[in-house]
$ cat my_file_18.txt   # compact mmCIF, C-alpha atoms and all ligand atoms
# COMPACT_ATOMS: atom_id res chain seq x y z
CA MET A 1 -18.91 9.99 -12.10
CA LEU A 2 -19.38 8.18 -8.77
CA ASP A 3 -22.82 9.78 -8.47
CA TRP A 4 -23.89 6.78 -6.36
CA LEU A 5 -21.71 7.83 -3.40
CA THR A 6 -23.56 8.19 -0.10
CA ASP A 7 -23.54 11.46 1.86
CA ASP A 8 -21.13 9.90 4.39
CA GLN A 9 -18.72 8.83 1.65
CA ARG A 10 -18.83 12.29 0.08
CA ALA A 11 -18.23 13.91 3.47
CA LEU A 12 -15.18 11.73 4.09
CA ARG A 13 -13.80 12.51 0.64
CA ASP A 14 -14.28 16.24 1.24
CA MET A 15 -12.60 15.99 4.63
CA ALA A 16 -9.61 14.20 3.10
CA GLU A 17 -9.39 16.72 0.28
CA ALA A 18 -9.35 19.64 2.74
CA PHE A 19 -6.75 17.91 4.92
CA ALA A 20 -4.53 17.18 1.93
CA ARG A 21 -4.78 20.74 0.69
CA LYS A 22 -4.05 22.32 4.07
CA GLU A 23 -1.64 19.90 5.74
CA ILE A 24 0.05 17.82 3.03
CA GLU A 25 0.32 19.89 -0.13
CA PRO A 26 2.52 22.65 1.42
CA ILE A 27 5.12 20.09 2.58
CA ALA A 28 4.69 17.34 -0.02
CA ASN A 29 7.72 18.25 -2.09
CA GLN A 30 9.87 18.60 1.02
CA ILE A 31 8.78 15.11 2.10
CA ASP A 32 10.10 13.84 -1.23
CA LEU A 33 13.36 15.83 -1.13
CA ASP A 34 14.11 14.96 2.53
CA GLU A 35 12.87 11.39 2.20
CA HIS A 36 11.10 11.88 5.48
CA THR A 37 7.51 12.37 6.63
CA PRO A 38 7.41 14.70 9.63
CA ASP A 39 5.96 13.24 12.84
CA SER A 40 3.66 16.25 13.00
CA LEU A 41 1.89 15.11 9.82
CA VAL A 42 1.49 11.59 11.20
CA ARG A 43 0.01 13.08 14.39
CA LYS A 44 -2.43 15.29 12.49
CA ALA A 45 -3.55 12.36 10.31
CA ALA A 46 -4.03 10.31 13.48
CA GLU A 47 -6.06 13.09 15.13
CA LEU A 48 -8.31 13.11 12.09
CA GLY A 49 -8.90 9.38 12.60
CA LEU A 50 -7.21 8.23 9.40
CA TYR A 51 -5.25 5.37 10.98
CA GLY A 52 -8.46 3.88 12.36
CA LEU A 53 -10.64 4.52 9.32
CA TYR A 54 -10.89 0.85 8.28
CA THR A 55 -10.71 -0.65 11.78
CA SER A 56 -14.08 -1.73 13.14
CA GLN A 57 -15.77 0.38 15.81
CA ASP A 58 -15.47 -2.49 18.32
CA TYR A 59 -11.72 -1.86 18.36
CA GLY A 60 -11.61 1.91 18.38
CA GLY A 61 -11.85 2.61 14.65
CA SER A 62 -14.56 4.22 12.52
CA GLY A 63 -15.49 1.06 10.63
CA ALA A 64 -15.65 2.90 7.30
CA ASP A 65 -16.21 0.85 4.16
CA LEU A 66 -13.58 0.25 1.50
CA VAL A 67 -15.16 2.76 -0.89
CA SER A 68 -14.54 5.48 1.72
CA VAL A 69 -11.00 4.23 2.33
CA CYS A 70 -10.25 4.40 -1.40
CA LEU A 71 -11.76 7.87 -1.74
CA VAL A 72 -9.62 9.11 1.16
CA SER A 73 -6.49 7.39 -0.21
CA GLU A 74 -7.04 8.98 -3.60
CA GLU A 75 -7.44 12.49 -2.15
CA LEU A 76 -4.31 12.20 0.00
CA ALA A 77 -2.33 10.83 -2.94
CA LYS A 78 -3.20 13.88 -5.04
CA ALA A 79 -0.94 15.84 -2.70
CA SER A 80 1.57 13.15 -1.68
CA PRO A 81 1.37 9.70 -3.29
CA ALA A 82 4.18 8.64 -0.95
CA PHE A 83 2.38 9.51 2.28
CA ALA A 84 -0.87 8.00 1.01
CA GLY A 85 0.95 4.79 0.07
CA MET A 86 2.46 4.39 3.51
CA LEU A 87 -0.88 5.08 5.13
CA THR A 88 -2.70 2.22 3.35
CA VAL A 89 -0.35 -0.31 4.97
CA GLN A 90 -1.06 1.11 8.40
CA MET A 91 -4.74 1.88 7.85
CA VAL A 92 -5.80 -1.20 5.86
CA LEU A 93 -3.36 -4.08 5.56
CA CYS A 94 -2.01 -4.48 9.08
CA PRO A 95 -5.12 -3.76 11.16
CA LYS A 96 -7.34 -5.83 8.86
CA ALA A 97 -4.91 -8.77 9.08
CA VAL A 98 -5.10 -8.54 12.89
CA GLU A 99 -8.91 -8.34 12.76
CA ILE A 100 -9.08 -11.41 10.55
CA LEU A 101 -6.46 -13.53 12.28
CA GLY A 102 -6.22 -12.27 15.83
CA THR A 103 -7.54 -13.60 19.11
CA GLU A 104 -9.71 -11.26 21.17
CA GLU A 105 -6.70 -10.52 23.40
CA GLN A 106 -4.51 -9.64 20.38
CA LYS A 107 -7.19 -7.40 18.89
CA GLN A 108 -7.66 -5.55 22.20
CA ARG A 109 -3.89 -5.25 22.65
CA ILE A 110 -3.15 -3.91 19.16
CA LEU A 111 -6.11 -2.41 17.37
CA PRO A 112 -7.27 0.51 19.57
CA ALA A 113 -3.68 1.80 19.76
CA SER A 114 -3.22 1.31 16.02
CA ALA A 115 -6.50 3.13 15.29
CA SER A 116 -5.43 6.11 17.38
CA GLY A 117 -2.04 6.27 15.62
CA GLU A 118 -0.07 5.46 18.81
CA ARG A 119 1.00 2.04 17.57
CA LEU A 120 1.86 2.18 13.86
CA MET A 121 2.30 -1.17 12.18
CA ALA A 122 4.42 -2.62 9.37
CA TYR A 123 3.99 -5.72 7.21
CA SER A 124 6.95 -7.84 6.31
CA GLN A 125 6.90 -10.57 3.68
CA SER A 126 9.47 -9.81 0.94
CA GLU A 127 12.76 -11.70 0.89
CA PRO A 128 15.78 -11.78 -1.43
CA ALA A 129 14.45 -14.91 -3.19
CA GLY A 130 11.64 -12.74 -4.66
CA ALA A 131 8.83 -11.13 -2.73
CA ALA A 132 6.06 -13.37 -4.03
CA ASN A 133 8.18 -16.50 -4.30
CA ILE A 134 7.29 -17.59 -0.79
CA GLY A 135 8.12 -21.24 -1.45
CA SER A 136 11.81 -20.18 -1.44
CA HIS A 137 11.65 -17.85 1.54
CA LEU A 138 14.14 -18.63 4.30
CA THR A 139 12.65 -16.89 7.35
CA LYS A 140 11.72 -19.59 9.84
CA ILE A 141 9.52 -19.74 12.92
CA ILE A 142 10.34 -22.97 14.76
CA PRO A 143 9.71 -24.30 18.29
CA ASP A 144 11.94 -22.80 20.99
CA ALA A 145 14.25 -25.71 21.78
CA GLY A 146 15.17 -24.21 25.15
CA ALA A 147 11.59 -23.98 26.45
CA ASN A 148 8.39 -26.01 26.62
CA ASP A 149 6.44 -23.39 24.75
CA GLY A 150 6.96 -20.52 22.31
CA TYR A 151 8.98 -20.22 19.11
CA ARG A 152 12.14 -18.67 17.69
CA LEU A 153 12.20 -16.45 14.61
CA ASP A 154 15.27 -16.33 12.35
CA GLY A 155 15.81 -14.75 8.93
CA SER A 156 15.86 -11.48 7.09
CA LYS A 157 13.47 -9.43 5.00
CA LEU A 158 13.80 -6.73 2.36
CA TYR A 159 12.00 -3.54 1.38
CA CYS A 160 9.86 -3.16 4.47
CA THR A 161 7.84 0.02 4.56
CA GLN A 162 8.43 0.93 8.16
CA GLY A 163 7.16 4.39 8.81
CA THR A 164 7.67 4.72 12.50
CA ALA A 165 6.26 1.27 13.07
CA MET A 166 6.26 -0.20 16.55
CA THR A 167 4.53 -3.48 15.75
CA TRP A 168 5.49 -5.76 12.86
CA LEU A 169 3.54 -8.54 11.24
CA VAL A 170 6.14 -10.97 9.94
CA MET A 171 5.47 -13.90 7.60
CA GLY A 172 7.66 -16.98 7.62
CA LYS A 173 7.82 -20.71 7.23
CA THR A 174 6.55 -22.34 10.39
CA ARG A 175 7.06 -25.68 12.11
CA ALA A 176 4.81 -26.97 14.88
CA ARG A 177 6.08 -29.10 17.79
CA ASP A 178 4.65 -32.18 16.07
CA GLY A 179 6.76 -31.44 12.96
CA ALA A 180 3.89 -30.13 10.76
CA GLU A 181 5.00 -27.28 8.47
CA GLY A 182 3.23 -24.26 7.03
CA TYR A 183 3.43 -20.52 6.43
CA GLY A 184 2.58 -18.38 9.43
CA CYS A 185 2.42 -14.83 10.70
CA VAL A 186 3.85 -13.55 13.98
CA ILE A 187 3.76 -10.28 15.89
CA VAL A 188 7.17 -8.72 16.59
CA GLU A 189 7.71 -5.53 18.57
CA ARG A 190 10.34 -2.98 17.54
CA ASP A 191 12.39 -3.49 20.73
CA ASP A 192 12.25 -7.30 20.85
CA PRO A 193 15.79 -8.67 21.50
CA GLY A 194 17.35 -9.96 18.26
CA PHE A 195 15.25 -7.74 15.96
CA GLU A 196 17.40 -5.38 13.86
CA ILE A 197 16.23 -2.62 11.55
CA ALA A 198 18.84 -1.45 9.01
CA PRO A 199 19.06 2.20 7.92
CA HIS A 200 16.48 2.85 5.23
CA GLU A 201 17.26 2.84 1.50
CA ASN A 202 17.57 5.91 -0.71
CA LYS A 203 14.99 5.26 -3.41
CA LEU A 204 13.47 6.47 -6.68
CA GLY A 205 9.93 7.04 -5.52
CA TRP A 206 7.72 6.80 -2.43
CA ARG A 207 10.49 8.73 -0.74
CA GLY A 208 8.33 9.85 2.18
CA THR A 209 8.28 6.27 3.43
CA ASN A 210 11.39 4.77 4.93
CA THR A 211 11.81 1.39 3.35
CA GLY A 212 14.58 -1.01 4.27
CA SER A 213 15.84 -4.38 5.41
CA ILE A 214 15.25 -6.06 8.75
CA ALA A 215 16.80 -9.11 10.39
CA PHE A 216 15.74 -11.54 13.10
CA ASN A 217 18.37 -13.31 15.14
CA ASN A 218 16.78 -15.93 17.34
CA VAL A 219 13.88 -13.64 18.29
CA ARG A 220 11.67 -15.23 20.95
CA ILE A 221 8.00 -15.50 19.90
CA ASP A 222 5.56 -16.18 22.73
CA GLU A 223 2.45 -18.25 22.01
CA ASP A 224 0.27 -15.13 22.20
CA ASP A 225 2.33 -13.50 19.44
CA ILE A 226 1.38 -16.12 16.86
CA LEU A 227 -1.23 -14.43 14.69
CA GLY A 228 -3.85 -16.89 13.49
CA ASP A 229 -3.12 -20.55 12.92
CA LEU A 230 0.63 -21.23 13.18
CA LEU A 231 0.60 -23.13 9.87
CA LYS A 232 -1.81 -20.94 7.91
CA GLY A 233 -1.71 -17.39 9.28
CA GLY A 234 0.73 -16.11 6.64
CA PHE A 235 -1.68 -16.97 3.91
CA SER A 236 -5.16 -16.88 5.39
CA HIS A 237 -5.71 -13.14 5.56
CA ARG A 238 -6.24 -12.68 1.83
CA ALA A 239 -9.19 -10.32 2.36
CA ALA A 240 -6.77 -7.91 4.05
CA ASN A 241 -4.30 -8.19 1.15
CA HIS A 242 -7.08 -7.73 -1.40
CA ALA A 243 -8.51 -4.66 0.37
CA ASN A 244 -5.04 -3.17 0.69
CA LEU A 245 -4.31 -3.78 -2.97
CA LEU A 246 -7.42 -1.81 -3.93
CA ALA A 247 -6.55 1.05 -1.55
CA HIS A 248 -3.03 1.06 -3.00
CA VAL A 249 -4.51 1.29 -6.51
CA ALA A 250 -6.59 4.28 -5.34
CA THR A 251 -3.30 6.01 -4.51
CA SER A 252 -2.09 5.36 -8.09
CA ILE A 253 -5.20 7.11 -9.39
CA GLY A 254 -4.74 9.98 -6.91
CA CYS A 255 -1.13 10.24 -8.05
CA ALA A 256 -2.09 10.64 -11.73
CA GLN A 257 -5.03 12.93 -10.91
CA GLY A 258 -2.91 15.14 -8.65
CA LEU A 259 -0.36 15.73 -11.39
CA PHE A 260 -3.10 16.15 -13.99
CA ASP A 261 -4.78 18.90 -11.92
CA LYS A 262 -1.49 20.77 -11.59
CA THR A 263 -0.66 20.30 -15.26
CA ILE A 264 -3.92 21.60 -16.64
CA GLU A 265 -3.52 24.80 -14.61
CA TYR A 266 0.04 25.18 -15.87
CA VAL A 267 -0.93 24.59 -19.49
CA LYS A 268 -3.81 27.07 -19.28
CA ASP A 269 -1.59 29.78 -17.82
CA ARG A 270 1.41 29.39 -20.09
CA THR A 271 1.63 30.90 -23.55
CA LEU A 272 4.12 29.72 -26.14
CA TYR A 273 4.65 31.23 -29.58
CA GLY A 274 1.90 33.73 -28.83
CA LYS A 275 -0.85 31.23 -28.10
CA ALA A 276 -2.13 29.14 -25.22
CA MET A 277 0.09 26.12 -24.72
CA SER A 278 -2.96 23.84 -24.73
CA GLU A 279 -3.54 24.73 -28.37
CA LEU A 280 -0.22 23.30 -29.41
CA GLN A 281 -0.33 19.84 -30.91
CA PRO A 282 -0.22 17.34 -29.31
CA LEU A 283 -0.71 18.89 -25.87
CA GLY A 284 -4.51 19.35 -25.93
CA TYR A 285 -4.82 15.83 -27.25
CA TRP A 286 -2.56 14.50 -24.51
CA LEU A 287 -4.63 16.22 -21.84
CA ALA A 288 -7.80 14.62 -23.21
CA GLU A 289 -6.07 11.25 -23.42
CA CYS A 290 -4.77 11.47 -19.83
CA HIS A 291 -8.17 12.57 -18.50
CA SER A 292 -9.87 9.68 -20.33
CA LYS A 293 -7.43 7.15 -18.95
CA ILE A 294 -7.74 8.37 -15.36
CA THR A 295 -11.54 8.38 -15.65
CA ALA A 296 -11.59 4.82 -17.01
CA CYS A 297 -9.22 3.64 -14.27
CA ARG A 298 -11.42 5.20 -11.60
CA ALA A 299 -14.52 3.51 -13.04
CA LEU A 300 -12.78 0.11 -12.99
CA LEU A 301 -11.46 0.57 -9.45
CA TYR A 302 -14.71 1.64 -7.82
CA ASP A 303 -16.71 -1.01 -9.66
CA THR A 304 -14.27 -3.58 -8.26
CA VAL A 305 -14.40 -2.08 -4.77
CA ARG A 306 -18.20 -2.23 -4.76
CA GLN A 307 -18.05 -5.89 -5.80
CA PHE A 308 -15.52 -6.47 -3.02
CA GLU A 309 -17.91 -4.92 -0.51
CA ALA A 310 -20.81 -7.00 -1.86
CA GLY A 311 -18.73 -10.19 -1.63
CA THR A 312 -19.09 -10.85 -5.36
CA VAL A 313 -15.61 -9.85 -6.49
CA SER A 314 -13.60 -12.36 -8.52
CA PRO A 315 -10.35 -13.58 -6.90
CA GLU A 316 -8.13 -11.94 -9.51
CA ALA A 317 -9.97 -8.58 -9.62
CA GLY A 318 -7.44 -6.86 -7.36
CA ASN A 319 -4.59 -8.14 -9.53
CA ILE A 320 -6.28 -6.76 -12.65
CA CYS A 321 -6.70 -3.36 -11.00
CA LYS A 322 -3.16 -3.32 -9.61
CA ALA A 323 -1.47 -4.26 -12.89
CA PHE A 324 -3.60 -2.35 -15.36
CA ILE A 325 -4.35 0.81 -13.38
CA GLY A 326 -0.83 1.02 -11.93
CA GLU A 327 0.80 0.97 -15.37
CA THR A 328 -1.82 3.25 -16.95
CA CYS A 329 -1.35 5.86 -14.22
CA PHE A 330 2.41 5.68 -14.66
CA ASP A 331 2.05 6.23 -18.45
CA VAL A 332 -0.20 9.21 -17.72
CA CYS A 333 2.38 10.70 -15.35
CA VAL A 334 5.17 10.30 -17.93
CA LYS A 335 3.12 12.22 -20.48
CA LEU A 336 2.16 14.92 -18.00
CA VAL A 337 5.76 15.47 -16.88
CA GLN A 338 6.75 15.97 -20.53
CA MET A 339 4.29 18.86 -20.79
CA TRP A 340 6.21 20.81 -18.16
CA GLY A 341 9.37 20.94 -20.26
CA GLY A 342 12.50 21.67 -18.22
CA SER A 343 10.54 22.50 -15.10
CA GLY A 344 9.23 18.94 -15.07
CA ILE A 345 12.78 17.68 -14.81
CA MET A 346 13.78 19.97 -11.92
CA ASN A 347 13.12 18.33 -8.56
CA SER A 348 12.38 21.70 -6.95
CA THR A 349 9.06 22.06 -8.84
CA GLY A 350 7.57 18.92 -7.29
CA VAL A 351 6.36 17.69 -10.68
CA ASN A 352 8.47 14.64 -11.42
CA ARG A 353 7.96 13.10 -7.96
CA TYR A 354 4.50 12.02 -9.17
CA MET A 355 6.06 10.04 -12.01
CA ARG A 356 8.63 8.48 -9.67
CA ASP A 357 5.96 7.61 -7.11
CA ALA A 358 3.77 6.11 -9.84
CA ARG A 359 6.69 3.87 -10.90
CA ALA A 360 7.35 2.72 -7.32
CA LYS A 361 3.67 1.84 -7.04
CA CYS A 362 4.02 -0.53 -10.02
CA VAL A 363 6.51 -2.57 -7.95
CA ALA A 364 5.32 -2.18 -4.34
CA GLU A 365 2.43 -4.51 -3.49
CA GLY A 366 3.69 -6.86 -6.20
CA ALA A 367 5.28 -6.09 -9.56
CA THR A 368 2.93 -5.73 -12.54
CA GLU A 369 4.19 -8.93 -14.18
CA MET A 370 3.60 -10.92 -10.99
CA HIS A 371 -0.02 -9.75 -10.99
CA TYR A 372 -0.40 -10.67 -14.67
CA ALA A 373 1.11 -14.08 -13.87
CA ILE A 374 -1.59 -14.59 -11.22
CA ILE A 375 -4.31 -13.55 -13.68
CA ALA A 376 -2.87 -15.99 -16.23
CA ASN A 377 -2.86 -18.76 -13.60
CA GLN A 378 -6.52 -18.08 -12.88
CA LEU A 379 -7.39 -18.08 -16.59
CA LEU A 380 -5.44 -21.21 -17.41
CA HIS A 381 -5.60 -23.29 -14.23
CA GLY A 382 -8.41 -21.77 -12.11
CA GLN A 383 -5.87 -20.88 -9.39
CA PRO A 384 -5.57 -17.13 -8.58
CA THR A 385 -2.23 -17.42 -6.80
CA LEU A 386 1.44 -18.22 -7.28
CA VAL A 387 1.73 -19.63 -3.78
CA PRO A 388 3.04 -23.22 -3.73
CA SER A 389 0.26 -25.79 -3.67
CA ASN A 390 1.29 -27.32 -0.31
CA ILE A 391 0.77 -23.94 1.38
CA VAL A 392 -2.55 -23.36 -0.40
CA LYS A 393 -3.60 -26.85 0.75
CA ALA A 394 -2.58 -26.14 4.36
CA ALA A 395 -4.44 -22.83 4.34
CA SER A 396 -7.65 -24.30 3.03
CA ALA A 397 -7.57 -27.42 5.24
C1 LIG A 401 8.57 1.29 -2.14
C2 LIG A 401 8.39 -0.15 -1.80
C3 LIG A 401 7.80 -0.51 -0.60
C4 LIG A 401 7.66 -1.85 -0.26
N1 LIG A 401 7.11 -2.18 0.95
C5 LIG A 401 7.05 -3.49 1.32
C6 LIG A 401 6.55 -3.86 2.63
O1 LIG A 401 6.13 -3.02 3.43
N2 LIG A 401 6.56 -5.17 2.97
C7 LIG A 401 7.00 -6.14 2.13
O2 LIG A 401 6.97 -7.31 2.49
N3 LIG A 401 7.46 -5.82 0.88
C8 LIG A 401 7.50 -4.53 0.46
N4 LIG A 401 7.97 -4.19 -0.79
C9 LIG A 401 8.44 -5.24 -1.67
C10 LIG A 401 7.57 -5.44 -2.88
O3 LIG A 401 6.37 -6.12 -2.55
C11 LIG A 401 8.43 -6.20 -3.90
O4 LIG A 401 9.53 -5.37 -4.28
C12 LIG A 401 7.64 -6.59 -5.12
O5 LIG A 401 6.65 -7.52 -4.77
C13 LIG A 401 8.57 -7.19 -6.18
O6 LIG A 401 9.31 -8.24 -5.63
P1 LIG A 401 10.89 -8.28 -5.77
O7 LIG A 401 11.43 -6.91 -5.49
O8 LIG A 401 11.37 -9.39 -4.96
O9 LIG A 401 11.12 -8.53 -7.31
P2 LIG A 401 11.31 -9.96 -8.00
O10 LIG A 401 10.31 -10.91 -7.47
O11 LIG A 401 12.76 -10.28 -7.97
O12 LIG A 401 10.92 -9.62 -9.49
C14 LIG A 401 11.77 -8.90 -10.40
C15 LIG A 401 10.98 -8.64 -11.64
O13 LIG A 401 10.64 -9.89 -12.24
C16 LIG A 401 9.33 -9.83 -12.80
N5 LIG A 401 8.50 -10.85 -12.14
C17 LIG A 401 8.37 -11.11 -10.83
N6 LIG A 401 7.52 -12.11 -10.61
C18 LIG A 401 7.12 -12.53 -11.82
C19 LIG A 401 6.25 -13.55 -12.27
N7 LIG A 401 5.63 -14.37 -11.42
N8 LIG A 401 6.06 -13.71 -13.60
C20 LIG A 401 6.70 -12.91 -14.49
N9 LIG A 401 7.53 -11.91 -14.12
C21 LIG A 401 7.73 -11.73 -12.82
C22 LIG A 401 8.82 -8.42 -12.54
O14 LIG A 401 9.10 -7.61 -13.65
C23 LIG A 401 9.64 -7.97 -11.37
O15 LIG A 401 9.73 -6.58 -11.28
C24 LIG A 401 8.11 -2.86 -1.15
C25 LIG A 401 8.68 -2.49 -2.37
C26 LIG A 401 8.82 -1.16 -2.70
C27 LIG A 401 9.44 -0.80 -4.02
$ encode --input "my_file_18.txt" --output "structure tokens"
Amino acid sequence: MLDWLTDDQRALRDMAEAFARKEIEPIANQIDLDEHTPDSLVRKAAELGLYGLYTSQDYGGSGADLVSVCLVSEELAKASPAFAGMLTVQMVLCPKAVEILGTEEQKQRILPASASGERLMAYSQSEPAGAANIGSHLTKIIPDAGANDGYRLDGSKLYCTQGTAMTWLVMGKTRARDGAEGYGCVIVERDDPGFEIAPHENKLGWRGTNTGSIAFNNVRIDEDDILGDLLKGGFSHRAANHANLLAHVATSIGCAQGLFDKTIEYVKDRTLYGKAMSELQPLGYWLAECHSKITACRALLYDTVRQFEAGTVSPEAGNICKAFIGETCFDVCVKLVQMWGGSGIMNSTGVNRYMRDARAKCVAEGATEMHYAIIANQLLHGQPTLVPSNIVKAASA
């Protein structure tokens, strides 16, 4: 499968596989138990160029295509789905949003440092009213009443995957000085006065990422920290969201494949009742079923990624991949964990973290049902979004 890959794509995949084996696999379970990714791993990934993989060469990245990004994400996720998940936000979503929306000054200021791993970024949209329910979001970016220019940011956000982020892309409802309203995106720095980051949450899966709430109390936003059009920026970087969704899905596949690879070795080595465990019903059948499902998911993902690269992808294709592949990979992980018996339940073996990470992936980047709701909207109303129509109208004006 994937026999159409170019030599460069194969080389990148091999490099990621070797890196994952040498640098991630030995500490992957500790990352999960400690709920912490060591800085040394971030540094090594940065030295390898992973943070700049999808950033264009003009801004210090390697300008790799999305197929390569997905191959790399999948390989890293085989060892640590949590680390790979955090990386897609910092390798794909944030830099691509800056490339799409940013002025030349913003790109020069942010992207080379992001590509080298010195300036990690985070993306903040979710709010208590429901992550995707942006019509009800309360975070506001309004003109600074005490100055002739600039804005003030107020509000709070949930579930932000922070890593060690220095620069934050924050979405919120915007108001221009002439009273026009929209949904924008602003750049906030970690040490900006009024920006507070709460201690991170203890969570089920994706434990190597520190995810938590943030708050903005009258944070000053200079004109050059508005990313894109004040009234549209929060919504008009869909290509970055779509690319990130596909890279995120690649980590779901890597998650299932990583556990599958470990499980098949375990099943081959272990004898029960005097025969190879794989000969017990239904274990051999389950292995075949899991392998078939992972293979089918991979075929769907890379077909979609190639269409994305060719500019022929349908608007809801990422939603289909996210919902269907995410849930299928979770089901696969549940079955694989069962094959380990008691050792699959013990955290020390590093087996069940795959299942927990696979579950977290079905919520992060949009819950499965939200993606199915978008697909249904496209099927029934020709509108591949749940975003309120006034915001869609503003973004396409
Ligand atoms: C590990 C992790 C990391 C995250 N990182 C980030 C981040 O970096 N930045 C960020 O902004 N957000 C982040 N999130 C938030 C994530 O995007 C949201 O949790 C997700 O989109 C679900 O939104 P919600 O939690 O508000 O659930 P809700 O919107 O309250 O939904 C609850 C449930 O209702 C159902 N549902 C929701 N919408 C619909 C619908 N339209 N139709 C039918 N059923 C529906 C689903 O079953 C869903 O699980 C992260 C979440 C997790 C778990």
$ residues_around --input "my_file_18.txt" --residues "Ser80 in chain A" --least-positions-apart "5" --cutoff "9 Å" --atoms "only C-alpha atoms" --output "VMD selection string"
chain A and resid 20 24 to 25 27 to 29 31 to 32 85 206 208 254 to 255 258 353 to 354 357
$ atom_distance --input "my_file_18.txt" --atom1 "CA of Gln307 in chain A" --atom2 "CA of Asn241 in chain A"
15.6 Å
$ closest_residue --input "my_file_18.txt" --among "A:Arg356, A:Lys361, A:Arg13, A:His242" --to "Ala64 in chain A" --atoms "all atoms listed in the file"
A:Arg13
$ residues_near_ligand --input "my_file_18.txt" --ligand "ligand LIG 401 (chain A)" --cutoff "9 Å" --atoms "all atoms listed in the file" --output "tab-separated table (two decimals) with C-alpha atoms, in the coordinates of the input"
chain	number	residue	atom	x	y	z
A	82	ALA	CA	4.18	8.64	-0.95
A	85	GLY	CA	0.95	4.79	0.07
A	86	MET	CA	2.46	4.39	3.51
A	89	VAL	CA	-0.35	-0.31	4.97
A	122	ALA	CA	4.42	-2.62	9.37
A	123	TYR	CA	3.99	-5.72	7.21
A	124	SER	CA	6.95	-7.84	6.31
A	125	GLN	CA	6.90	-10.57	3.68
A	126	SER	CA	9.47	-9.81	0.94
A	127	GLU	CA	12.76	-11.70	0.89
A	128	PRO	CA	15.78	-11.78	-1.43
A	129	ALA	CA	14.45	-14.91	-3.19
A	130	GLY	CA	11.64	-12.74	-4.66
A	131	ALA	CA	8.83	-11.13	-2.73
A	132	ALA	CA	6.06	-13.37	-4.03
A	133	ASN	CA	8.18	-16.50	-4.30
A	157	LYS	CA	13.47	-9.43	5.00
A	158	LEU	CA	13.80	-6.73	2.36
A	159	TYR	CA	12.00	-3.54	1.38
A	160	CYS	CA	9.86	-3.16	4.47
A	161	THR	CA	7.84	0.02	4.56
A	162	GLN	CA	8.43	0.93	8.16
A	170	VAL	CA	6.14	-10.97	9.94
A	171	MET	CA	5.47	-13.90	7.60
A	203	LYS	CA	14.99	5.26	-3.41
A	204	LEU	CA	13.47	6.47	-6.68
A	205	GLY	CA	9.93	7.04	-5.52
A	206	TRP	CA	7.72	6.80	-2.43
A	207	ARG	CA	10.49	8.73	-0.74
A	209	THR	CA	8.28	6.27	3.43
A	210	ASN	CA	11.39	4.77	4.93
A	211	THR	CA	11.81	1.39	3.35
A	212	GLY	CA	14.58	-1.01	4.27
A	357	ASP	CA	5.96	7.61	-7.11
A	359	ARG	CA	6.69	3.87	-10.90
A	360	ALA	CA	7.35	2.72	-7.32
A	361	LYS	CA	3.67	1.84	-7.04
A	362	CYS	CA	4.02	-0.53	-10.02
A	363	VAL	CA	6.51	-2.57	-7.95
A	364	ALA	CA	5.32	-2.18	-4.34
A	365	GLU	CA	2.43	-4.51	-3.49
A	366	GLY	CA	3.69	-6.86	-6.20
A	367	ALA	CA	5.28	-6.09	-9.56
A	368	THR	CA	2.93	-5.73	-12.54
A	369	GLU	CA	4.19	-8.93	-14.18
A	370	MET	CA	3.60	-10.92	-10.99
A	371	HIS	CA	-0.02	-9.75	-10.99
A	372	TYR	CA	-0.40	-10.67	-14.67
A	373	ALA	CA	1.11	-14.08	-13.87
A	374	ILE	CA	-1.59	-14.59	-11.22
A	386	LEU	CA	1.44	-18.22	-7.28
$ closest_residue --input "my_file_18.txt" --among "A:Leu33, A:Met166, A:Leu71, A:Ser213" --to "Arg190 in chain A" --atoms "all atoms listed in the file"
A:Met166
$ residues_around --input "my_file_18.txt" --residues "range 105-107 of chain A" --least-positions-apart "5" --cutoff "9 Å" --atoms "only C-alpha atoms" --output "list of chain:residue names"
A:Tyr59, A:Pro95, A:Val98, A:Glu99, A:Pro112, A:Asp224, A:Asp225, A:Leu227
$ closest_residue --input "my_file_18.txt" --among "A:Val69, A:Leu101, A:Leu153, A:Leu287" --to "Gln338 in chain A" --atoms "only C-alpha atoms"
A:Leu287
$ atom_distance --input "my_file_18.txt" --atom1 "CA of Thr88 in chain A" --atom2 "CA of Asp191 in chain A"
23.7 Å
